[in-house]
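Peer 1: My file is input19.txt. It has compact mmCIF, C-alpha atoms:
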```txt
# COMPACT_ATOMS: atom_id res chain seq x y z
CA MET V 1027 27.25 7.59 8.98
CA SER V 1028 27.53 5.39 5.92
CA LYS V 1029 28.59 6.53 2.49
CA TYR V 1030 24.88 7.11 1.70
CA ASN V 1031 24.33 9.21 4.86
CA ALA V 1032 22.23 6.50 6.53
CA ARG V 1033 22.26 6.50 10.32
CA LYS V 1034 22.38 3.21 12.18
CA THR V 1035 19.34 2.97 14.42
CA VAL V 1036 18.56 0.60 17.30
CA LEU V 1037 14.94 -0.46 17.82
CA ASP V 1038 13.76 -3.31 20.08
CA GLY V 1039 17.42 -4.22 20.63
CA ILE V 1040 17.98 -4.69 16.88
CA THR V 1041 20.47 -2.52 14.99
CA PHE V 1042 19.22 -1.37 11.60
CA ALA V 1043 21.33 0.14 8.81
CA SER V 1044 19.05 3.18 8.54
CA MET V 1045 16.18 4.98 10.22
CA ARG V 1046 14.02 4.14 7.19
CA GLU V 1047 14.62 0.42 7.76
CA ALA V 1048 13.92 0.72 11.50
CA HIS V 1049 10.64 2.56 10.88
CA ARG V 1050 9.57 -0.06 8.34
CA TYR V 1051 10.36 -2.80 10.87
CA ALA V 1052 8.14 -1.06 13.43
CA ASP V 1053 5.30 -0.95 10.88
CA LEU V 1054 5.74 -4.62 9.95
CA ALA V 1055 5.96 -5.72 13.60
CA LEU V 1056 2.66 -3.93 14.24
CA LEU V 1057 1.06 -5.63 11.22
CA GLN V 1058 2.29 -9.01 12.48
CA ARG V 1059 0.81 -8.38 15.94
CA ALA V 1060 -2.48 -7.45 14.26
CA GLY V 1061 -2.42 -10.73 12.29
CA GLN V 1062 -2.23 -9.07 8.87
CA ILE V 1063 1.17 -10.63 8.10
CA SER V 1064 3.06 -13.61 9.51
CA GLU V 1065 6.55 -15.14 9.60
CA LEU V 1066 8.36 -11.80 9.65
CA GLU V 1067 12.06 -12.40 9.07
CA LEU V 1068 14.89 -9.85 9.13
CA GLN V 1069 17.82 -9.92 6.72
CA PRO V 1070 16.82 -13.05 4.76
CA SER V 1071 19.44 -14.26 2.30
CA PHE V 1072 18.69 -15.61 -1.17
CA GLY V 1073 21.15 -17.59 -3.27
CA LEU V 1074 21.48 -16.13 -6.75
CA GLN V 1075 24.42 -18.14 -8.11
CA PRO V 1076 26.37 -20.95 -6.48
CA SER V 1077 30.12 -20.81 -6.00
CA PHE V 1078 32.22 -22.36 -8.75
CA THR V 1079 35.77 -22.95 -9.92
CA HIS V 1080 37.02 -21.75 -13.30
CA GLY V 1081 40.61 -22.08 -14.51
CA GLY V 1082 41.71 -23.12 -11.04
CA LYS V 1083 40.24 -19.99 -9.45
CA ARG V 1084 37.45 -20.31 -6.91
CA HIS V 1085 34.57 -17.84 -7.26
CA ARG V 1086 32.28 -17.15 -4.32
CA ALA V 1087 28.54 -17.59 -4.47
CA ILE V 1088 26.41 -14.54 -5.20
CA THR V 1089 23.69 -13.86 -2.65
CA TYR V 1090 21.08 -11.17 -2.13
CA ARG V 1091 20.26 -10.02 1.38
CA ALA V 1092 16.91 -8.28 1.67
CA ASP V 1093 15.71 -6.23 4.62
CA PHE V 1094 12.53 -8.22 5.34
CA ARG V 1095 10.62 -11.33 4.32
CA TYR V 1096 7.08 -12.13 5.44
CA VAL V 1097 3.87 -13.85 4.38
CA GLU V 1098 0.85 -11.74 3.47
CA GLN V 1099 -2.40 -13.47 2.46
CA GLY V 1100 -0.47 -16.64 1.60
CA ALA V 1101 2.08 -14.88 -0.64
CA VAL V 1102 5.77 -14.49 0.21
CA VAL V 1103 6.76 -10.83 0.23
CA VAL V 1104 10.38 -9.65 0.16
CA GLU V 1105 11.05 -6.00 0.98
CA ASP V 1106 13.98 -3.66 0.76
CA SER V 1107 14.04 -0.19 2.28
CA LYS V 1108 16.06 1.84 -0.17
CA GLY V 1109 16.81 5.51 -0.21
CA PHE V 1110 19.37 5.10 -2.98
CA SER V 1111 19.82 2.38 -5.62
CA ASN V 1112 23.34 1.60 -6.77
CA PRO V 1113 24.23 -0.48 -9.87
CA LEU V 1114 25.12 -3.60 -7.84
CA TYR V 1115 21.76 -3.51 -6.05
CA LEU V 1116 19.92 -3.16 -9.38
CA LEU V 1117 21.80 -6.14 -10.85
CA LYS V 1118 21.17 -8.35 -7.81
CA LYS V 1119 17.51 -7.32 -7.76
CA LYS V 1120 17.17 -8.39 -11.39
CA MET V 1121 18.84 -11.73 -10.63
CA LEU V 1122 16.56 -12.23 -7.60
CA LEU V 1123 13.41 -11.61 -9.65
CA TYR V 1124 14.59 -14.06 -12.32
CA ARG V 1125 15.58 -16.80 -9.86
CA TYR V 1126 12.54 -16.41 -7.56
CA PRO V 1127 9.63 -15.38 -9.84
CA SER V 1128 6.95 -16.31 -7.29
CA ILE V 1129 7.97 -13.76 -4.66
CA ASP V 1130 6.29 -10.40 -4.37
CA PHE V 1131 9.24 -7.98 -4.29
CA ARG V 1132 8.65 -4.51 -2.88
CA GLU V 1133 10.86 -1.47 -2.43
CA VAL V 1134 9.74 0.90 0.30
```
Just give me the structure of the file as structure tokens.
Peer 2:
Amino acid sequence: MSKYNARKTVLDGITFASMREAHRYADLALLQRAGQISELELQPSFGLQPSFTHGGKRHRAITYRADFRYVEQGAVVVEDSKGFSNPLYLLKKKMLLYRYPSIDFREV
């Protein structure tokens, strides 16, 4: 169990952080087989800010890791399966939307 009471779940040999995420994967895999979406990708990473050095101290890059990325009717869709939103997630989501305005971001 995680600190948010999510249970790791294995589906199709893939370990998901929660049952919600695993169920959403099953839905998306079905949609891909039916030809309604394409290019389904799990755990895509998006760069939000590059690493940098300030005052001799190295700062790591900031990235956002979504649950899914796929193409639907020519548009790139990024999805996150959230049961609980913490402040860090909300900040990174805001940075993602600013840096990548053309994506269709969805929370399920």
Peer 1: Specify the axis-aligned box that encloses all atoms of segment 1031-1035 of chain V listed in the file after padding of 4 Å on each side, stating its centre and edge lengths in Å to one decimal as AutoDock Vina command-line options.
Peer 2:
```
--center_x 21.8 --center_y 6.1 --center_z 9.6 --size_x 13.0 --size_y 14.2 --size_z 17.6
```
Peer 1: Rank nothing, just name the residue among V:Ala1092, V:Leu1037, V:Leu1117, V:Met1045 nearest to Glu1105 of chain V, using all atoms listed in the file.
Peer 2: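 Between V:Ala1092, V:Leu1037, V:Leu1117, V:Met1045, the residue approaching Glu1105 of chain V most closely is V:Ala1092.
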Peer 1: Of the residues V:Tyr1096, V:Leu1074, V:Thr1089, V:Ala1101, which is the one nearest to Tyr1051 of chain V, using all atoms listed in the file?
Peer 2: V:Tyr1096
Peer 1: Nearest residue to His1049 of chain V out of V:Gln1099, V:Ser1107, V:Gln1075, V:Gln1069, using all atoms listed in the file?
Peer 2: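 Smallest separation from His1049 of chain V among the options: V:Ser1107.
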Peer 1: Pick out the residues sitting within 7 Å of Ser1064 of chain V, and hand them over as a list in words; count only C-alpha atoms, and ignore anything fewer than 6 positions along from it in its own chain.
Peer 2: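 Contacts, in chain order: Gln1058, Tyr1096, Val1097 and Glu1098 of chain V.
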Peer 1: From the list V:Phe1110, V:Tyr1115, V:Tyr1126, V:Phe1131, which residue is nearest Phe1072 of chain V when using all atoms listed in the file?
Peer 2: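 Going through V:Phe1110, V:Tyr1115, V:Tyr1126, V:Phe1131 one by one, the smallest distance to Phe1072 of chain V is for V:Tyr1126.
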Peer 1: Take atom CA of Ala1043 of chain V and atom CA of Val1103 of chain V and report the distance between them in Å, one decimal.
Peer 2: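 So the two atoms, atom CA of Ala1043 of chain V and atom CA of Val1103 of chain V, lie 20.2 Å apart.
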Peer 1: Determine, counting only C-alpha atoms, which protein, DNA and RNA residues have an atom within 10 Å of an atom of Asp1093 of chain V; residues of the same chain fewer than 5 positions away are not included. Present the result as an MDAnalysis selection string.
Peer 2: chainID V and resid 1042:1043 1047:1048 1050:1051 1067:1071 1104:1108 1133
Peer 1: If I take atom CA of Leu1123 of chain V and atom CA of Thr1035 of chain V, how far is one from the other in Å, to one decimal?
Peer 2: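 We find that atom CA of Leu1123 of chain V and atom CA of Thr1035 of chain V lie 28.8 Å from each other.
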Peer 1: By how many Å are atom CA of Asp1053 of chain V and atom CA of Leu1122 of chain V apart?
Peer 2: 24.4 Å
Peer 1: Smallest atom-to-atom distance to Ser1044 of chain V: which of V:Lys1083, V:Gly1109, V:Gly1073, V:Gly1061, using all atoms listed in the file?
Peer 2: V:Gly1109
Peer 1: Please return segment 1067-1085 of chain V, rebuilt to N, CA and C atoms, as a CSV table (one decimal), keeping the file's coordinate frame.
Peer 2:
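The resulting result17.csv:
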```
chain,number,residue,atom,x,y,z
V,1067,GLU,N,10.7,-12.0,9.0
V,1067,GLU,CA,12.1,-12.4,9.1
V,1067,GLU,C,12.9,-11.2,8.7
V,1068,LEU,N,14.0,-10.9,9.4
V,1068,LEU,CA,14.9,-9.8,9.1
V,1068,LEU,C,16.1,-10.4,8.4
V,1069,GLN,N,16.6,-9.6,7.5
V,1069,GLN,CA,17.8,-9.9,6.7
V,1069,GLN,C,17.8,-11.3,6.1
V,1070,PRO,N,16.8,-11.7,5.4
V,1070,PRO,CA,16.8,-13.0,4.8
V,1070,PRO,C,17.8,-13.0,3.6
V,1071,SER,N,18.4,-14.1,3.4
V,1071,SER,CA,19.4,-14.3,2.3
V,1071,SER,C,18.9,-15.2,1.2
V,1072,PHE,N,19.1,-14.8,0.0
V,1072,PHE,CA,18.7,-15.6,-1.2
V,1072,PHE,C,19.9,-15.9,-2.1
V,1073,GLY,N,20.1,-17.2,-2.4
V,1073,GLY,CA,21.2,-17.6,-3.3
V,1073,GLY,C,20.8,-17.2,-4.7
V,1074,LEU,N,21.7,-16.5,-5.4
V,1074,LEU,CA,21.5,-16.1,-6.8
V,1074,LEU,C,22.3,-17.0,-7.7
V,1075,GLN,N,23.5,-17.3,-7.3
V,1075,GLN,CA,24.4,-18.1,-8.1
V,1075,GLN,C,25.3,-18.9,-7.2
V,1076,PRO,N,25.5,-20.2,-7.4
V,1076,PRO,CA,26.4,-21.0,-6.5
V,1076,PRO,C,27.8,-20.6,-6.8
V,1077,SER,N,28.7,-21.0,-5.8
V,1077,SER,CA,30.1,-20.8,-6.0
V,1077,SER,C,30.6,-21.8,-7.1
V,1078,PHE,N,31.7,-21.5,-7.7
V,1078,PHE,CA,32.2,-22.4,-8.8
V,1078,PHE,C,33.7,-22.1,-8.9
V,1079,THR,N,34.4,-23.1,-9.6
V,1079,THR,CA,35.8,-23.0,-9.9
V,1079,THR,C,35.9,-22.9,-11.4
V,1080,HIS,N,36.8,-21.9,-11.9
V,1080,HIS,CA,37.0,-21.8,-13.3
V,1080,HIS,C,38.5,-21.5,-13.5
V,1081,GLY,N,39.2,-22.3,-14.3
V,1081,GLY,CA,40.6,-22.1,-14.5
V,1081,GLY,C,41.4,-22.1,-13.2
V,1082,GLY,N,41.0,-23.0,-12.3
V,1082,GLY,CA,41.7,-23.1,-11.0
V,1082,GLY,C,41.4,-22.0,-10.0
V,1083,LYS,N,40.6,-21.1,-10.4
V,1083,LYS,CA,40.2,-20.0,-9.4
V,1083,LYS,C,38.8,-20.2,-8.9
V,1084,ARG,N,38.7,-20.1,-7.6
V,1084,ARG,CA,37.4,-20.3,-6.9
V,1084,ARG,C,36.7,-19.0,-6.9
V,1085,HIS,N,35.4,-19.0,-7.3
V,1085,HIS,CA,34.6,-17.8,-7.3
V,1085,HIS,C,33.5,-18.1,-6.2
```
